[in-house]
Amino acid sequence: MASRGAIKQAMKQVRPILYVDKEEARKRVLNLYKAWYRQIPYIVMDYDIPKSEEQCRQKLREEFLRNKDVTDLRVIDMLVIKSQMELKETVEIWKQKDHIMRWWKESQDPKPTDFLSKFLSGQQ
């Protein structure tokens with residue numbers, strides 16, 4: 001059976017995937033945000049979504065601010081990698097219009113919090 005000391009030692013040896021320090025991670029996140037921001041007009045035009053560029057920019061800002069309190073470099077790495085993959089899939093038009101419109105579903109239809117609302121929506 002592994003001792004607590006061995007587990008702590010193993011946890012210390014885990015290193016971030018891409019970043020050495022928080023400043024480098026911050027720069028990568030800002031560059032990713034700028035890349036998404038620059039692609040918004042093309043996404044709106046290519047996918048012909050019923051949203052304005054301003055609404056798309058607001059949703060982009062909302063998604064990035066949702067993760068603003070993440071401090072673990074490994075988690076930041078994974079979020080950046082996933083977002084880069086998402087951006088590439090979107091720019092290369094590997095998605096369909098419905099995939100893009102799912103970004104707004106969560107914020108449009110808030111999940112019920114009390115028992116009766118959950119029961120009536122079928123979530124229980």
# chains A, B, ... in the order shown; residues from 1 in each chain; ligands from 1

call {"tool": "residues_around", "arguments": {"residues": "Glu86 (chain A)", "least_positions_apart": "3", "cutoff": "12 Å", "atoms": "only C-alpha atoms", "output": "ChimeraX atom specification"}}
result
/A:32,35-36,79-83,89-95,99-100,103

call {"tool": "write_last_selection", "arguments": {"atoms": "C-alpha atoms", "output": "PDB file, in the first residue's frame"}}
result
ATOM      1  CA  LEU A  32      -6.302  32.482 -28.105  1.00  0.00           C
ATOM      2  CA  ALA A  35      -7.741  34.537 -32.478  1.00  0.00           C
ATOM      3  CA  TRP A  36     -11.359  33.681 -31.625  1.00  0.00           C
ATOM      4  CA  LEU A  79      -8.548  24.341 -21.618  1.00  0.00           C
ATOM      5  CA  VAL A  80      -6.306  26.125 -24.127  1.00  0.00           C
ATOM      6  CA  ILE A  81      -5.681  22.937 -26.105  1.00  0.00           C
ATOM      7  CA  LYS A  82      -9.404  22.141 -26.239  1.00  0.00           C
ATOM      8  CA  SER A  83     -10.236  25.677 -27.298  1.00  0.00           C
ATOM      9  CA  GLU A  89     -12.785  22.746 -36.255  1.00  0.00           C
ATOM     10  CA  THR A  90     -14.911  25.869 -36.482  1.00  0.00           C
ATOM     11  CA  VAL A  91     -12.641  27.737 -38.914  1.00  0.00           C
ATOM     12  CA  GLU A  92     -12.192  24.708 -41.167  1.00  0.00           C
ATOM     13  CA  ILE A  93     -16.006  24.336 -41.234  1.00  0.00           C
ATOM     14  CA  TRP A  94     -15.862  20.801 -39.879  1.00  0.00           C
ATOM     15  CA  LYS A  95     -18.920  21.594 -37.777  1.00  0.00           C
ATOM     16  CA  HIS A  99     -22.909  22.675 -33.268  1.00  0.00           C
ATOM     17  CA  ILE A 100     -22.295  26.406 -33.258  1.00  0.00           C
ATOM     18  CA  TRP A 103     -22.922  27.517 -27.485  1.00  0.00           C
TER      19      TRP A 103
END

call {"tool": "atom_distance", "arguments": {"atom1": "CA of Glu23 (chain A)", "atom2": "CA of Cys56 (chain A)"}}
result
27.2 Å

call {"tool": "decode", "arguments": {"residues": "region 28-63 of chain A", "atoms": "N, CA and C atoms", "output": "JSON list (two decimals), in the first residue's frame"}}
result
[["chain", "number", "residue", "atom", "x", "y", "z"],
["A", 28, "ARG", "N", -0.70, 33.08, -23.67],
["A", 28, "ARG", "CA", -1.34, 32.12, -24.59],
["A", 28, "ARG", "C", -2.85, 32.26, -24.57],
["A", 29, "VAL", "N", -3.42, 32.45, -23.39],
["A", 29, "VAL", "CA", -4.87, 32.60, -23.29],
["A", 29, "VAL", "C", -5.31, 33.88, -24.01],
["A", 30, "LEU", "N", -4.58, 34.96, -23.83],
["A", 30, "LEU", "CA", -4.93, 36.22, -24.52],
["A", 30, "LEU", "C", -4.81, 36.07, -26.03],
["A", 31, "ASN", "N", -3.77, 35.38, -26.50],
["A", 31, "ASN", "CA", -3.63, 35.16, -27.94],
["A", 31, "ASN", "C", -4.76, 34.30, -28.48],
["A", 32, "LEU", "N", -5.18, 33.32, -27.70],
["A", 32, "LEU", "CA", -6.30, 32.48, -28.11],
["A", 32, "LEU", "C", -7.58, 33.30, -28.18],
["A", 33, "TYR", "N", -7.80, 34.17, -27.19],
["A", 33, "TYR", "CA", -8.98, 35.04, -27.18],
["A", 33, "TYR", "C", -8.98, 35.93, -28.42],
["A", 34, "LYS", "N", -7.82, 36.49, -28.76],
["A", 34, "LYS", "CA", -7.72, 37.36, -29.93],
["A", 34, "LYS", "C", -7.99, 36.59, -31.22],
["A", 35, "ALA", "N", -7.51, 35.35, -31.28],
["A", 35, "ALA", "CA", -7.74, 34.54, -32.48],
["A", 35, "ALA", "C", -9.23, 34.26, -32.66],
["A", 36, "TRP", "N", -9.91, 33.89, -31.55],
["A", 36, "TRP", "CA", -11.36, 33.68, -31.63],
["A", 36, "TRP", "C", -12.06, 34.98, -32.03],
["A", 37, "TYR", "N", -11.65, 36.10, -31.44],
["A", 37, "TYR", "CA", -12.28, 37.39, -31.69],
["A", 37, "TYR", "C", -12.17, 37.77, -33.17],
["A", 38, "ARG", "N", -11.00, 37.51, -33.76],
["A", 38, "ARG", "CA", -10.80, 37.83, -35.17],
["A", 38, "ARG", "C", -11.61, 36.93, -36.10],
["A", 39, "GLN", "N", -11.92, 35.74, -35.67],
["A", 39, "GLN", "CA", -12.65, 34.79, -36.52],
["A", 39, "GLN", "C", -14.16, 34.95, -36.44],
["A", 40, "ILE", "N", -14.66, 35.70, -35.48],
["A", 40, "ILE", "CA", -16.12, 35.82, -35.30],
["A", 40, "ILE", "C", -16.85, 36.30, -36.55],
["A", 41, "PRO", "N", -16.38, 37.33, -37.25],
["A", 41, "PRO", "CA", -17.12, 37.74, -38.46],
["A", 41, "PRO", "C", -17.22, 36.62, -39.51],
["A", 42, "TYR", "N", -16.16, 35.85, -39.65],
["A", 42, "TYR", "CA", -16.16, 34.76, -40.63],
["A", 42, "TYR", "C", -17.06, 33.61, -40.17],
["A", 43, "ILE", "N", -17.09, 33.35, -38.88],
["A", 43, "ILE", "CA", -17.96, 32.30, -38.35],
["A", 43, "ILE", "C", -19.42, 32.66, -38.58],
["A", 44, "VAL", "N", -19.77, 33.91, -38.30],
["A", 44, "VAL", "CA", -21.16, 34.37, -38.50],
["A", 44, "VAL", "C", -21.54, 34.26, -39.98],
["A", 45, "MET", "N", -20.61, 34.63, -40.86],
["A", 45, "MET", "CA", -20.89, 34.61, -42.29],
["A", 45, "MET", "C", -20.92, 33.17, -42.83],
["A", 46, "ASP", "N", -19.94, 32.37, -42.48],
["A", 46, "ASP", "CA", -19.84, 31.01, -43.04],
["A", 46, "ASP", "C", -20.96, 30.09, -42.57],
["A", 47, "TYR", "N", -21.31, 30.20, -41.30],
["A", 47, "TYR", "CA", -22.33, 29.31, -40.75],
["A", 47, "TYR", "C", -23.73, 29.89, -40.85],
["A", 48, "ASP", "N", -23.82, 31.17, -41.22],
["A", 48, "ASP", "CA", -25.12, 31.84, -41.37],
["A", 48, "ASP", "C", -25.98, 31.65, -40.13],
["A", 49, "ILE", "N", -25.40, 31.97, -38.98],
["A", 49, "ILE", "CA", -26.12, 31.80, -37.73],
["A", 49, "ILE", "C", -26.97, 33.05, -37.46],
["A", 50, "PRO", "N", -28.09, 32.89, -36.78],
["A", 50, "PRO", "CA", -28.98, 34.03, -36.53],
["A", 50, "PRO", "C", -28.54, 34.87, -35.33],
["A", 51, "LYS", "N", -27.27, 35.12, -35.23],
["A", 51, "LYS", "CA", -26.72, 35.94, -34.15],
["A", 51, "LYS", "C", -25.86, 37.02, -34.78],
["A", 52, "SER", "N", -25.81, 38.17, -34.12],
["A", 52, "SER", "CA", -24.96, 39.24, -34.61],
["A", 52, "SER", "C", -23.53, 39.01, -34.14],
["A", 53, "GLU", "N", -22.61, 39.73, -34.75],
["A", 53, "GLU", "CA", -21.21, 39.63, -34.33],
["A", 53, "GLU", "C", -21.06, 40.06, -32.87],
["A", 54, "GLU", "N", -21.83, 41.06, -32.48],
["A", 54, "GLU", "CA", -21.76, 41.54, -31.10],
["A", 54, "GLU", "C", -22.23, 40.46, -30.11],
["A", 55, "GLN", "N", -23.28, 39.75, -30.45],
["A", 55, "GLN", "CA", -23.75, 38.66, -29.58],
["A", 55, "GLN", "C", -22.70, 37.55, -29.49],
["A", 56, "CYS", "N", -22.04, 37.28, -30.60],
["A", 56, "CYS", "CA", -20.98, 36.26, -30.60],
["A", 56, "CYS", "C", -19.80, 36.71, -29.75],
["A", 57, "ARG", "N", -19.45, 37.96, -29.85],
["A", 57, "ARG", "CA", -18.34, 38.47, -29.03],
["A", 57, "ARG", "C", -18.70, 38.43, -27.55],
["A", 58, "GLN", "N", -19.95, 38.73, -27.23],
["A", 58, "GLN", "CA", -20.40, 38.66, -25.84],
["A", 58, "GLN", "C", -20.32, 37.23, -25.32],
["A", 59, "LYS", "N", -20.71, 36.27, -26.14],
["A", 59, "LYS", "CA", -20.65, 34.86, -25.74],
["A", 59, "LYS", "C", -19.20, 34.41, -25.57],
["A", 60, "LEU", "N", -18.32, 34.86, -26.46],
["A", 60, "LEU", "CA", -16.90, 34.55, -26.34],
["A", 60, "LEU", "C", -16.35, 35.08, -25.02],
["A", 61, "ARG", "N", -16.67, 36.32, -24.72],
["A", 61, "ARG", "CA", -16.22, 36.92, -23.46],
["A", 61, "ARG", "C", -16.76, 36.15, -22.26],
["A", 62, "GLU", "N", -18.03, 35.77, -22.33],
["A", 62, "GLU", "CA", -18.67, 35.00, -21.25],
["A", 62, "GLU", "C", -17.96, 33.67, -21.03],
["A", 63, "GLU", "N", -17.61, 32.99, -22.11],
["A", 63, "GLU", "CA", -16.93, 31.69, -21.99],
["A", 63, "GLU", "C", -15.54, 31.84, -21.38]]
